[in-house]
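Undergrad: Below is my_file10.cif; it holds mmCIF, C-alpha atoms.
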```
data_entry
#
loop_
_atom_site.label_atom_id
_atom_site.label_comp_id
_atom_site.auth_asym_id
_atom_site.auth_seq_id
_atom_site.Cartn_x
_atom_site.Cartn_y
_atom_site.Cartn_z
CA MET A 648 -38.63 196.17 195.66
CA ARG A 649 -41.30 194.85 193.30
CA ARG A 650 -38.60 193.65 190.91
CA ALA A 651 -36.85 191.75 193.72
CA GLY A 652 -40.07 190.01 194.73
CA THR A 653 -40.89 189.11 191.13
CA ALA A 654 -37.43 187.66 190.56
CA LEU A 655 -37.73 185.46 193.60
CA LEU A 656 -41.20 184.29 192.66
CA ALA A 657 -40.08 183.14 189.20
CA ALA A 658 -38.71 179.59 189.41
CA CYS A 659 -35.75 178.65 187.23
CA THR A 660 -37.15 175.73 185.24
CA ALA A 661 -34.46 173.36 183.97
CA VAL A 662 -36.03 170.77 181.65
CA ALA A 663 -34.52 167.29 181.46
CA ALA A 664 -35.37 164.07 179.64
CA LEU A 665 -37.77 161.73 181.42
CA THR A 666 -35.82 159.59 183.86
CA THR A 667 -37.12 156.96 186.23
CA VAL A 668 -36.24 157.73 189.82
CA THR A 669 -35.89 154.59 191.88
CA ALA A 670 -36.69 154.34 195.55
CA ALA A 671 -33.41 154.51 197.47
CA PRO A 672 -33.05 153.70 201.16
CA ALA A 673 -32.48 156.56 203.57
CA ARG A 674 -31.47 155.88 207.13
CA ALA A 675 -33.77 157.42 209.74
CA GLN A 676 -32.22 158.24 213.11
CA GLY A 677 -33.05 155.65 215.71
CA GLY A 678 -34.63 153.28 213.21
CA GLY A 679 -33.97 150.96 210.31
CA PRO A 680 -33.96 151.71 206.61
CA MET A 681 -36.71 154.01 205.49
CA GLU A 682 -37.86 153.02 201.99
CA ASP A 683 -38.87 156.18 200.17
CA GLY A 684 -40.28 156.89 196.75
CA LEU A 685 -43.59 156.87 194.95
CA ARG A 686 -44.82 153.81 196.85
CA HIS A 687 -45.47 156.17 199.77
CA CYS A 688 -47.82 158.36 197.71
CA ALA A 689 -51.52 158.22 196.91
CA GLY A 690 -54.03 160.23 194.92
CA THR A 691 -53.76 162.31 191.79
CA ALA A 692 -54.92 165.86 192.54
CA PRO A 693 -53.42 166.33 195.02
CA VAL A 694 -50.81 163.60 195.36
CA VAL A 695 -50.15 163.01 199.07
CA CYS A 696 -47.01 161.26 200.32
CA HIS A 697 -46.10 160.14 203.83
CA PHE A 698 -42.78 158.86 205.23
CA ASP A 699 -42.16 157.47 208.70
CA ALA A 700 -39.32 159.91 209.39
CA THR A 701 -38.01 160.87 212.82
CA PRO A 702 -37.31 164.56 213.56
CA GLY A 703 -34.47 165.98 211.49
CA THR A 704 -33.67 167.58 208.16
CA TYR A 705 -34.62 165.77 204.95
CA ARG A 706 -33.71 166.50 201.36
CA VAL A 707 -36.48 165.71 198.91
CA ARG A 708 -35.64 165.25 195.21
CA VAL A 709 -38.55 165.21 192.79
CA VAL A 710 -39.14 164.72 189.09
CA LEU A 711 -42.22 166.59 187.90
CA GLY A 712 -44.13 166.20 184.64
CA GLY A 713 -43.48 163.45 182.12
CA GLY A 714 -47.08 162.71 181.19
CA GLU A 715 -48.93 163.17 177.93
CA ASP A 716 -50.64 166.26 179.32
CA ALA A 717 -49.06 169.48 180.55
CA GLY A 718 -48.45 169.71 184.29
CA SER A 719 -48.45 172.51 186.84
CA THR A 720 -47.28 171.39 190.27
CA SER A 721 -46.65 173.08 193.61
CA VAL A 722 -45.49 171.34 196.78
CA THR A 723 -46.29 171.90 200.44
CA ALA A 724 -44.80 170.03 203.38
CA GLU A 725 -45.91 169.37 206.94
CA THR A 726 -48.08 172.24 208.20
CA ARG A 727 -48.89 173.99 204.92
CA ARG A 728 -45.28 175.04 204.34
CA ALA A 729 -44.68 176.11 200.74
CA VAL A 730 -41.51 174.30 199.68
CA LEU A 731 -41.85 174.54 195.89
CA ALA A 732 -43.67 177.20 193.90
CA GLU A 733 -45.96 176.25 191.02
CA THR A 734 -43.81 174.64 188.32
CA TYR A 735 -45.02 174.19 184.73
CA ASN A 736 -44.20 171.21 182.49
CA ALA A 737 -45.08 170.96 178.81
CA PRO A 738 -46.44 167.58 177.67
CA GLY A 739 -43.73 164.92 177.80
CA GLU A 740 -41.22 167.16 179.55
CA THR A 741 -39.85 166.76 183.07
CA THR A 742 -38.29 169.06 185.62
CA ARG A 743 -36.03 168.07 188.50
CA ARG A 744 -36.22 169.98 191.76
CA ALA A 745 -34.85 169.51 195.27
CA PHE A 746 -35.73 171.11 198.60
CA THR A 747 -35.31 170.42 202.30
CA VAL A 748 -37.91 169.94 205.02
CA ASP A 749 -37.47 170.42 208.75
CA VAL A 750 -39.34 167.56 210.43
CA ARG A 751 -40.01 168.34 214.08
CA ASP A 752 -42.55 167.72 216.83
CA PRO A 753 -44.84 169.67 216.93
CA GLU A 754 -44.64 170.14 213.18
CA GLY A 755 -46.21 173.63 213.14
CA GLU A 756 -46.41 176.18 215.94
CA PRO A 757 -44.31 174.98 218.89
CA THR A 758 -47.18 175.42 221.37
CA GLY A 759 -49.85 174.21 218.93
CA ALA A 760 -51.23 170.84 217.95
CA THR A 761 -48.68 168.08 217.48
CA GLY A 762 -49.78 167.26 213.95
CA SER A 763 -49.01 163.97 212.24
CA PRO A 764 -45.69 162.22 212.90
CA GLY A 765 -43.18 161.75 210.11
CA LEU A 766 -42.76 163.66 206.86
CA ASP A 767 -45.82 164.65 204.85
CA LEU A 768 -45.73 166.11 201.34
CA THR A 769 -48.61 167.35 199.23
CA PHE A 770 -48.21 167.81 195.47
CA GLY A 771 -50.93 170.21 194.40
CA GLY A 772 -51.30 173.00 191.89
CA ALA A 773 -53.43 173.35 188.78
CA ALA A 774 -52.39 169.96 187.32
CA PRO A 775 -49.99 168.07 189.61
CA ARG A 776 -47.64 165.62 187.90
CA LEU A 777 -45.21 163.59 190.04
CA ALA A 778 -42.92 161.22 188.13
CA GLY A 779 -40.22 160.48 190.69
CA LEU A 780 -39.38 161.01 194.34
CA ARG A 781 -36.47 160.37 196.67
CA VAL A 782 -35.97 161.32 200.33
CA GLU A 783 -32.75 161.28 202.35
CA ARG A 784 -31.70 162.59 205.72
CA VAL A 785 -29.13 165.40 205.51
CA ARG A 786 -27.50 168.20 207.46
CA THR A 787 -27.54 171.70 206.00
CA PRO A 788 -27.10 175.30 207.18
CA GLN A 789 -30.27 176.59 208.80
CA ILE A 790 -32.41 179.71 208.92
CA LEU A 791 -34.15 179.62 212.30
CA LEU A 792 -37.14 181.90 212.86
CA ALA A 793 -38.25 183.54 216.10
CA GLY A 794 -41.53 185.38 215.78
CA ASP A 795 -45.27 185.69 216.27
CA SER A 796 -48.43 184.84 214.31
CA THR A 797 -47.34 186.95 211.33
CA VAL A 798 -44.33 184.63 210.91
CA CYS A 799 -45.37 181.18 212.10
CA ASP A 800 -46.48 177.97 210.37
CA ARG A 801 -50.25 178.24 210.76
CA ALA A 802 -52.17 174.97 210.63
CA GLY A 803 -55.57 176.44 209.82
CA GLU A 804 -56.49 178.27 206.64
CA PRO A 805 -56.67 181.08 205.70
CA TYR A 806 -54.04 182.28 208.18
CA THR A 807 -50.50 182.16 206.79
CA GLY A 808 -47.22 183.49 208.21
CA TRP A 809 -44.40 184.72 205.99
CA GLY A 810 -42.09 182.11 207.50
CA GLN A 811 -44.47 179.47 206.15
CA GLN A 812 -43.85 180.72 202.61
CA LEU A 813 -40.10 181.25 202.92
CA PRO A 814 -38.84 177.74 201.99
CA GLN A 815 -40.14 177.88 198.40
CA TYR A 816 -37.52 180.51 197.56
CA LEU A 817 -34.61 178.40 198.77
CA THR A 818 -32.64 175.53 197.28
CA ASP A 819 -31.82 172.30 199.09
CA ARG A 820 -28.62 173.89 200.43
CA VAL A 821 -30.41 175.52 203.36
CA THR A 822 -33.30 174.60 205.67
CA VAL A 823 -35.92 176.79 207.37
CA ALA A 824 -36.77 175.86 210.97
CA ASN A 825 -39.73 178.03 212.00
CA TYR A 826 -40.17 178.40 215.77
CA ALA A 827 -42.51 181.39 215.52
CA ASP A 828 -45.66 181.06 217.61
CA SER A 829 -48.99 182.90 217.76
CA GLY A 830 -49.50 185.43 220.54
CA GLU A 831 -45.89 185.69 221.63
CA GLY A 832 -44.08 188.86 222.65
CA SER A 833 -40.38 189.28 223.30
CA GLN A 834 -40.66 188.20 226.96
CA SER A 835 -42.86 185.13 226.49
CA PHE A 836 -40.87 183.94 223.48
CA ARG A 837 -37.60 184.22 225.37
CA ASP A 838 -38.94 182.45 228.48
CA ASN A 839 -41.03 179.57 227.10
CA PRO A 840 -38.92 176.37 226.90
CA ALA A 841 -40.72 175.36 223.69
CA LEU A 842 -39.74 178.59 221.95
CA PHE A 843 -36.40 180.40 222.20
CA PRO A 844 -34.70 177.76 224.40
CA ALA A 845 -35.71 175.04 221.89
CA LEU A 846 -34.53 177.18 218.96
CA HIS A 847 -31.32 178.01 220.81
CA SER A 848 -30.51 174.32 221.30
CA ARG A 849 -30.48 173.82 217.51
CA ILE A 850 -28.13 176.63 216.55
CA ARG A 851 -24.95 175.58 214.78
CA HIS A 852 -22.03 177.73 213.70
CA GLY A 853 -23.01 180.05 210.87
CA ASP A 854 -26.77 179.55 211.13
CA LEU A 855 -28.97 182.59 210.58
CA VAL A 856 -31.52 183.38 213.32
CA LEU A 857 -34.21 185.86 212.24
CA ILE A 858 -35.99 187.58 215.14
CA GLN A 859 -39.27 189.43 214.55
CA LEU A 860 -41.11 190.12 217.79
CA ALA A 861 -43.23 193.24 218.31
CA HIS A 862 -46.92 192.69 217.55
CA ASN A 863 -47.67 191.33 221.02
CA ASP A 864 -45.40 193.71 222.95
CA LYS A 865 -48.37 196.02 223.34
CA GLN A 866 -47.52 197.02 226.92
CA THR A 867 -43.79 196.29 227.01
CA ASP A 868 -41.64 199.20 228.12
CA ARG A 869 -38.63 200.28 226.06
CA ASP A 870 -35.94 198.97 228.40
CA THR A 871 -37.55 195.55 228.81
CA TYR A 872 -38.10 195.19 225.07
CA ARG A 873 -34.51 196.06 224.26
CA ALA A 874 -33.21 193.79 227.03
CA ASN A 875 -35.21 190.82 225.71
CA LEU A 876 -33.91 191.24 222.17
CA THR A 877 -30.36 191.87 223.39
CA SER A 878 -30.46 188.67 225.44
CA MET A 879 -31.50 186.66 222.40
CA ILE A 880 -28.81 188.29 220.24
CA GLU A 881 -26.13 187.40 222.77
CA ASP A 882 -27.35 183.83 223.14
CA VAL A 883 -27.37 183.30 219.37
CA ARG A 884 -23.84 184.64 219.06
CA ALA A 885 -22.65 182.47 221.92
CA GLU A 886 -23.54 179.41 219.82
CA GLY A 887 -21.84 180.76 216.70
CA GLY A 888 -25.11 181.82 215.06
CA ARG A 889 -25.76 185.04 213.17
CA PRO A 890 -28.69 187.04 214.58
CA VAL A 891 -30.73 189.19 212.20
CA LEU A 892 -33.35 191.56 213.60
CA VAL A 893 -36.54 191.95 211.57
CA THR A 894 -38.93 194.85 212.13
CA PRO A 895 -42.61 193.82 212.22
CA VAL A 896 -45.08 193.58 209.37
CA VAL A 897 -47.28 196.70 209.25
CA ARG A 898 -50.94 196.66 210.09
CA ARG A 899 -53.20 197.65 207.20
CA TRP A 900 -54.53 200.79 208.88
CA PHE A 901 -54.83 203.76 206.52
CA ASN A 902 -55.03 207.47 207.15
CA THR A 903 -57.48 209.50 205.06
CA ASP A 904 -54.55 210.58 202.87
CA GLY A 905 -53.83 206.97 201.86
CA THR A 906 -50.71 206.58 204.00
CA LEU A 907 -49.92 204.35 206.97
CA ASP A 908 -48.27 207.14 208.95
CA ASN A 909 -49.94 206.37 212.27
CA GLY A 910 -49.03 204.48 215.42
CA THR A 911 -51.51 201.63 214.86
CA ALA A 912 -50.11 200.74 211.44
CA LEU A 913 -46.48 201.26 212.41
CA LEU A 914 -46.52 199.37 215.73
CA VAL A 915 -46.16 202.12 218.31
CA ASN A 916 -47.35 200.35 221.45
CA GLY A 917 -49.67 201.40 224.27
CA LEU A 918 -46.79 202.93 226.23
CA GLY A 919 -45.72 205.04 223.28
CA VAL A 920 -42.74 202.83 222.42
CA ASP A 921 -41.97 202.90 218.68
CA LEU A 922 -41.08 199.22 218.43
CA PRO A 923 -39.68 199.22 214.85
CA ALA A 924 -37.51 202.24 215.70
CA GLU A 925 -36.13 200.41 218.72
CA VAL A 926 -35.32 197.37 216.58
CA ARG A 927 -33.49 199.55 214.04
CA ALA A 928 -31.51 201.30 216.76
CA LEU A 929 -30.63 198.05 218.50
CA ALA A 930 -29.45 196.45 215.25
CA SER A 931 -27.11 199.39 214.72
CA GLU A 932 -25.81 199.32 218.30
CA GLN A 933 -25.30 195.56 218.32
CA GLY A 934 -23.91 195.33 214.79
CA THR A 935 -26.49 192.75 213.73
CA GLY A 936 -28.11 192.30 210.35
CA LEU A 937 -31.42 194.11 209.88
CA VAL A 938 -34.40 193.43 207.66
CA ASP A 939 -36.62 196.51 207.86
CA LEU A 940 -39.80 194.67 207.04
CA THR A 941 -41.90 197.50 208.47
CA ALA A 942 -40.57 199.89 205.84
CA LEU A 943 -40.83 197.31 203.06
CA THR A 944 -44.39 196.26 203.86
CA LYS A 945 -45.47 199.88 204.40
CA ALA A 946 -44.28 200.75 200.91
CA ARG A 947 -46.05 197.74 199.41
CA VAL A 948 -49.36 198.34 201.20
CA GLU A 949 -49.37 202.03 200.32
CA GLU A 950 -48.52 201.18 196.71
CA LEU A 951 -51.60 198.94 196.45
CA GLY A 952 -53.78 201.40 198.33
CA PRO A 953 -56.78 200.86 200.62
CA GLU A 954 -58.61 198.57 198.20
CA GLY A 955 -55.83 196.59 196.53
CA SER A 956 -54.00 195.90 199.78
CA LYS A 957 -56.98 194.00 201.21
CA ALA A 958 -55.76 190.92 199.30
CA LEU A 959 -52.51 190.88 201.28
CA TYR A 960 -54.37 190.52 204.58
CA LEU A 961 -57.42 188.63 205.79
CA TYR A 962 -59.67 191.65 205.43
CA ASP A 963 -62.29 189.99 203.21
CA GLU A 964 -62.31 186.73 205.16
CA LYS A 965 -61.99 187.97 208.75
CA ARG A 966 -61.95 191.80 208.66
CA ASP A 967 -58.38 191.30 209.86
CA ASN A 968 -55.80 193.97 209.06
CA THR A 969 -52.90 192.32 210.88
CA HIS A 970 -52.64 188.71 209.69
CA THR A 971 -51.67 187.92 206.13
CA SER A 972 -53.31 185.84 203.45
CA VAL A 973 -51.32 183.31 201.42
CA ARG A 974 -50.65 186.06 198.88
CA GLY A 975 -49.51 188.54 201.52
CA ALA A 976 -47.31 186.03 203.30
CA THR A 977 -45.78 184.98 199.98
CA GLU A 978 -44.99 188.56 198.98
CA TYR A 979 -43.59 189.40 202.41
CA ALA A 980 -41.41 186.29 202.43
CA ALA A 981 -40.00 187.43 199.08
CA LEU A 982 -39.19 190.81 200.62
CA VAL A 983 -37.32 189.14 203.48
CA LEU A 984 -35.37 186.95 201.06
CA GLY A 985 -34.51 189.95 198.91
CA GLU A 986 -32.99 191.73 201.89
CA LEU A 987 -31.05 188.68 203.05
CA ARG A 988 -29.69 188.20 199.56
CA ASP A 989 -28.84 191.86 199.00
CA ARG A 990 -27.01 192.00 202.34
CA ARG A 991 -25.12 188.83 201.39
CA LEU A 992 -26.33 186.95 204.45
CA LEU A 993 -27.11 183.82 202.44
CA ALA A 994 -24.53 181.42 201.09
CA PRO A 995 -24.07 181.21 197.30
CA GLY A 996 -26.57 178.84 195.78
CA ALA A 997 -29.07 179.12 198.64
CA VAL A 998 -31.70 181.10 196.68
CA ARG A 999 -33.56 179.64 193.67
#
```
What does this structure look like when you write it as C-alpha cells?
TA:
Amino acid sequence: MRRAGTALLAACTAVAALTTVTAAPARAQGGGPMEDGLRHCAGTAPVVCHFDATPGTYRVRVVLGGGEDAGSTSVTAETRRAVLAETYNAPGETTRRAFTVDVRDPEGEPTGATGSPGLDLTFGGAAPRLAGLRVERVRTPQILLAGDSTVCDRAGEPYTGWGQQLPQYLTDRVTVANYADSGEGSQSFRDNPALFPALHSRIRHGDLVLIQLAHNDKQTDRDTYRANLTSMIEDVRAEGGRPVLVTPVVRRWFNTDGTLDNGTALLVNGLGVDLPAEVRALASEQGTGLVDLTALTKARVEELGPEGSKALYLYDEKRDNTHTSVRGATEYAALVLGELRDRRLLAPGAVR
C-alpha cells in the first residue's frame, strides 16, 4: 500500500529542449475566440493565470523550467485543486506536462461560494518556473465524485478533501468533476438538485462515478442507507456510467492498544449501523466496483500511530480527527487511485 502511494506520488519527468509555446486560440462555448497563453499570467512566485472560460473541460499544456536557475513548480486550479505535483527542473532544462480542469459554477463545493468565473491556475512550489502555456476546450472521460467534506474541494485552508488532490495523479486523458459537499449524507446528497441530480446530468457512457457517503449518516437506518446508495447506483447505470462505492475515511480515534478497532473510528453510526460493512455488502450484491478506503486508511493511520498520524488530519490546527490536512488528503487520494488502477477501472494512459 505504501509502495503504491509512493509510485503515484513520483511524477515521470520527461525533459525536453526549451521550446517557445505560442498562444493559440481556443473556442469557448457561447463566445468568441479565447486567446490563451502567458499574456494571461502575472507574478513570479506564485504565477497566477486567469482565462475567461465558460463552464466545461479544458486541457492545459505547460512548459516548465527553462531559466538559468533550477525550478520546482506545482500547479493548482480553481478551488485549490492539485492538478500537477511538484516538478523539478535543472537549470536550462524544461519539462512538458498536460492536465485537464473541470470549470464549473460554483467552482468548489456545489452549495458553497460561487468563486471566481472562468479558469484560474496558480503555479507555485519552491521555485515556480513557467515558460509556456496553452489552453483548449476538450471532451474527455470523467471521474465524477459524490461525497462529503472528506472528499470535496474545500475553499478554505487548511481543510482539504481527497477529491481535491486526485487530479494531480491523472494525465490529460481524464477529468475529475468533484460534486462532493460538506455536511451531506446519503439522503441529502441524493435529494439536493445541486448535488446528485447535477452530477447525474453530466454522466456519459463509460464515466466512473465514485460514491463515498457515510460520515453524516449518523442517524440513518440500515434500510434507508442501502436504498439511497442503491438508487444512485441504478441512476448511474441508467446513463451508461460505472458506479464505484467507496467506504469512508476513518476517524483518527485510537484505542489504548494503538488500534482503531472501535465504532467511532470505523463509522458505526448512532443506530448501530456499521456503514462501511453495508457499503461492502452492497457493492458485492450490486456487482459494483469497491474501494475499501476505510480499510486502507485504517492501516495507514495505525502504521503511523497516535503521534505520527496527527499530520494526516487537522489535529494540530483544529483538534480535528475527521478532516484531513493537505498531506492526508494527498495520501488518501493516492490510495484511491491505486485501487482504481489495480482493479483496472481506469483507461490505459490515465494515470501519470
Undergrad: Using all atoms listed in the file, can you tell me which of A:Asn902, A:Ala874, A:Gly952, A:Pro895 comes closest to Gln933 (chain A)?
TA: A:Ala874
Undergrad: Quick one: residues within 7 Å of (-42.3, 172.0, 200.2) (file frame), counting all atoms listed in the file, please, as a list in words.
TA: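 Taken together, the residues in range are Val722, Thr723, Ala724, Arg728, Ala729, Val730, Leu731, Phe746, Val748, Leu768, Pro814 and Gln815 of chain A.
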Undergrad: Return the single residue from A:Gly888, A:Gly832, A:Gly739, A:Gly996 that is closest to Ala861 (chain A), with distances computed using all atoms listed in the file.
TA: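 That would be A:Gly832, the residue with the smallest distance to Ala861 (chain A).
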Undergrad: Convert the output of the PyMOL selection byres ((chain A and resi 708) around 12) on the shown file into explicit residues, formatted as an MDAnalysis selection string.
TA: chainID A and resid 668:671 683:685 705:707 709:711 722 730:731 742:748 768 777:784 818:819
Undergrad: If I take CA of Thr944 (chain A) and CA of Leu982 (chain A), how far is one from the other in Å, to one decimal?
TA: 8.2 Å
Undergrad: If you apply the PyMOL selection byres ((chain A and resi 847) around 9) to this file, what residues do you get, as number ranges by chain?
TA: A: 842-846, 848-850, 879, 882-883, 886
Undergrad: Generate a file of the selected residues that holds C-alpha atoms, formatted as an mmCIF file, keeping the file's coordinate frame.
TA:
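So out.cif came out as:
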```cif
data_model
loop_
_atom_site.group_PDB
_atom_site.id
_atom_site.type_symbol
_atom_site.label_atom_id
_atom_site.label_comp_id
_atom_site.auth_asym_id
_atom_site.auth_seq_id
_atom_site.Cartn_x
_atom_site.Cartn_y
_atom_site.Cartn_z
ATOM 1 C CA LEU A 842 -39.740 178.590 221.950
ATOM 2 C CA PHE A 843 -36.400 180.400 222.200
ATOM 3 C CA PRO A 844 -34.700 177.760 224.400
ATOM 4 C CA ALA A 845 -35.710 175.040 221.890
ATOM 5 C CA LEU A 846 -34.530 177.180 218.960
ATOM 6 C CA SER A 848 -30.510 174.320 221.300
ATOM 7 C CA ARG A 849 -30.480 173.820 217.510
ATOM 8 C CA ILE A 850 -28.130 176.630 216.550
ATOM 9 C CA MET A 879 -31.500 186.660 222.400
ATOM 10 C CA ASP A 882 -27.350 183.830 223.140
ATOM 11 C CA VAL A 883 -27.370 183.300 219.370
ATOM 12 C CA GLU A 886 -23.540 179.410 219.820
#
```
Undergrad: I would like the residues chosen by the PyMOL selection byres ((chain A and resi 796-810) around 7) on the shown file; could you give them as a PyMOL selection string?
TA: chain A and resi 726-728+755-756+794-795+811-813+825-830+970-973+976-977+979-980
Undergrad: Would you mind exporting C-alpha atoms of the selected residues as an mmCIF file, in the coordinates of the input?
TA:
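Once written, out.cif looks like this:
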```
data_model
loop_
_atom_site.group_PDB
_atom_site.id
_atom_site.type_symbol
_atom_site.label_atom_id
_atom_site.label_comp_id
_atom_site.auth_asym_id
_atom_site.auth_seq_id
_atom_site.Cartn_x
_atom_site.Cartn_y
_atom_site.Cartn_z
ATOM 1 C CA THR A 726 -48.080 172.240 208.200
ATOM 2 C CA ARG A 727 -48.890 173.990 204.920
ATOM 3 C CA ARG A 728 -45.280 175.040 204.340
ATOM 4 C CA GLY A 755 -46.210 173.630 213.140
ATOM 5 C CA GLU A 756 -46.410 176.180 215.940
ATOM 6 C CA GLY A 794 -41.530 185.380 215.780
ATOM 7 C CA ASP A 795 -45.270 185.690 216.270
ATOM 8 C CA GLN A 811 -44.470 179.470 206.150
ATOM 9 C CA GLN A 812 -43.850 180.720 202.610
ATOM 10 C CA LEU A 813 -40.100 181.250 202.920
ATOM 11 C CA ASN A 825 -39.730 178.030 212.000
ATOM 12 C CA TYR A 826 -40.170 178.400 215.770
ATOM 13 C CA ALA A 827 -42.510 181.390 215.520
ATOM 14 C CA ASP A 828 -45.660 181.060 217.610
ATOM 15 C CA SER A 829 -48.990 182.900 217.760
ATOM 16 C CA GLY A 830 -49.500 185.430 220.540
ATOM 17 C CA HIS A 970 -52.640 188.710 209.690
ATOM 18 C CA THR A 971 -51.670 187.920 206.130
ATOM 19 C CA SER A 972 -53.310 185.840 203.450
ATOM 20 C CA VAL A 973 -51.320 183.310 201.420
ATOM 21 C CA ALA A 976 -47.310 186.030 203.300
ATOM 22 C CA THR A 977 -45.780 184.980 199.980
ATOM 23 C CA TYR A 979 -43.590 189.400 202.410
ATOM 24 C CA ALA A 980 -41.410 186.290 202.430
#
```
Undergrad: List the spatial neighbours of Arg869 (chain A) as a CSV table (one decimal) with C-alpha atoms, keeping the file's coordinate frame - criterion: any atom at most 8 Å away, only C-alpha atoms, same-chain residues fewer than 3 positions off excluded.
TA:
```csv
chain,number,residue,atom,x,y,z
A,872,TYR,CA,-38.1,195.2,225.1
A,873,ARG,CA,-34.5,196.1,224.3
A,920,VAL,CA,-42.7,202.8,222.4
A,925,GLU,CA,-36.1,200.4,218.7
```
Undergrad: Of the candidates A:Leu860, A:Arg899, A:Arg786, A:Gly765, which one gets nearest to Lys957 (chain A) if we count only C-alpha atoms?
TA: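 Residue with the minimum atom-to-atom distance to Lys957 (chain A): A:Arg899.
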Undergrad: Between CA of Gly934 (chain A) and CA of Arg820 (chain A), what distance in Å does the model show, to one decimal?
TA: 26.2 Å
Undergrad: Within 12 Å of (-30.1, 200.0, 215.1) (coordinates as in the file), grab all the protein and nucleic acid residues, counting only C-alpha atoms, and write them out as a PyMOL selection string.
TA: chain A and resi 873+876-877+891-894+922-939
Undergrad: Suppose we keep C-alpha atoms; can you now write the selection as a PDB file, in the coordinates of the input?
TA:
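Printed below is again-v9.pdb as written:
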```pdb
ATOM      1  CA  ARG A 873     -34.510 196.060 224.260  1.00  0.00           C
ATOM      2  CA  LEU A 876     -33.910 191.240 222.170  1.00  0.00           C
ATOM      3  CA  THR A 877     -30.360 191.870 223.390  1.00  0.00           C
ATOM      4  CA  VAL A 891     -30.730 189.190 212.200  1.00  0.00           C
ATOM      5  CA  LEU A 892     -33.350 191.560 213.600  1.00  0.00           C
ATOM      6  CA  VAL A 893     -36.540 191.950 211.570  1.00  0.00           C
ATOM      7  CA  THR A 894     -38.930 194.850 212.130  1.00  0.00           C
ATOM      8  CA  LEU A 922     -41.080 199.220 218.430  1.00  0.00           C
ATOM      9  CA  PRO A 923     -39.680 199.220 214.850  1.00  0.00           C
ATOM     10  CA  ALA A 924     -37.510 202.240 215.700  1.00  0.00           C
ATOM     11  CA  GLU A 925     -36.130 200.410 218.720  1.00  0.00           C
ATOM     12  CA  VAL A 926     -35.320 197.370 216.580  1.00  0.00           C
ATOM     13  CA  ARG A 927     -33.490 199.550 214.040  1.00  0.00           C
ATOM     14  CA  ALA A 928     -31.510 201.300 216.760  1.00  0.00           C
ATOM     15  CA  LEU A 929     -30.630 198.050 218.500  1.00  0.00           C
ATOM     16  CA  ALA A 930     -29.450 196.450 215.250  1.00  0.00           C
ATOM     17  CA  SER A 931     -27.110 199.390 214.720  1.00  0.00           C
ATOM     18  CA  GLU A 932     -25.810 199.320 218.300  1.00  0.00           C
ATOM     19  CA  GLN A 933     -25.300 195.560 218.320  1.00  0.00           C
ATOM     20  CA  GLY A 934     -23.910 195.330 214.790  1.00  0.00           C
ATOM     21  CA  THR A 935     -26.490 192.750 213.730  1.00  0.00           C
ATOM     22  CA  GLY A 936     -28.110 192.300 210.350  1.00  0.00           C
ATOM     23  CA  LEU A 937     -31.420 194.110 209.880  1.00  0.00           C
ATOM     24  CA  VAL A 938     -34.400 193.430 207.660  1.00  0.00           C
ATOM     25  CA  ASP A 939     -36.620 196.510 207.860  1.00  0.00           C
TER      26      ASP A 939
END
```
Undergrad: Which one is closest to Leu817 (chain A): A:Val785, A:Ala793, A:Ala689, A:Ala732? Count all atoms listed in the file.
TA: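 With all atoms listed in the file as the atom set, the closest residue is A:Ala732.
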Undergrad: Report the distance between CA of Gly985 (chain A) and CA of Leu855 (chain A) in Å, rounded to one decimal place.
TA: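 Computing it gives 14.9 Å between the two atoms.
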Undergrad: Between A:Thr787, A:Ala737, A:Gly714, A:Ala773, single out the one closest to Asp749 (chain A), counting all atoms listed in the file.
TA: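 Comparing A:Thr787, A:Ala737, A:Gly714, A:Ala773 against Asp749 (chain A), the winner is A:Thr787.
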Undergrad: Around region 904-913 of chain A, with edges along x, y and z and 3 Å added on all six sides, what centre and edge lengths do you get, in Å to one decimal, as JSON?
TA:
```
{"center_x": -50.5, "center_y": 205.7, "center_z": 208.6, "size_x": 14.1, "size_y": 15.8, "size_z": 19.6}
```
Undergrad: Rank A:Ala885, A:Arg988, A:Phe770, A:Lys965 by their smallest atom-to-atom distance to Glu733 (chain A), using only C-alpha atoms, and report the top residue only.
TA: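 That would be A:Phe770, the residue with the smallest distance to Glu733 (chain A).
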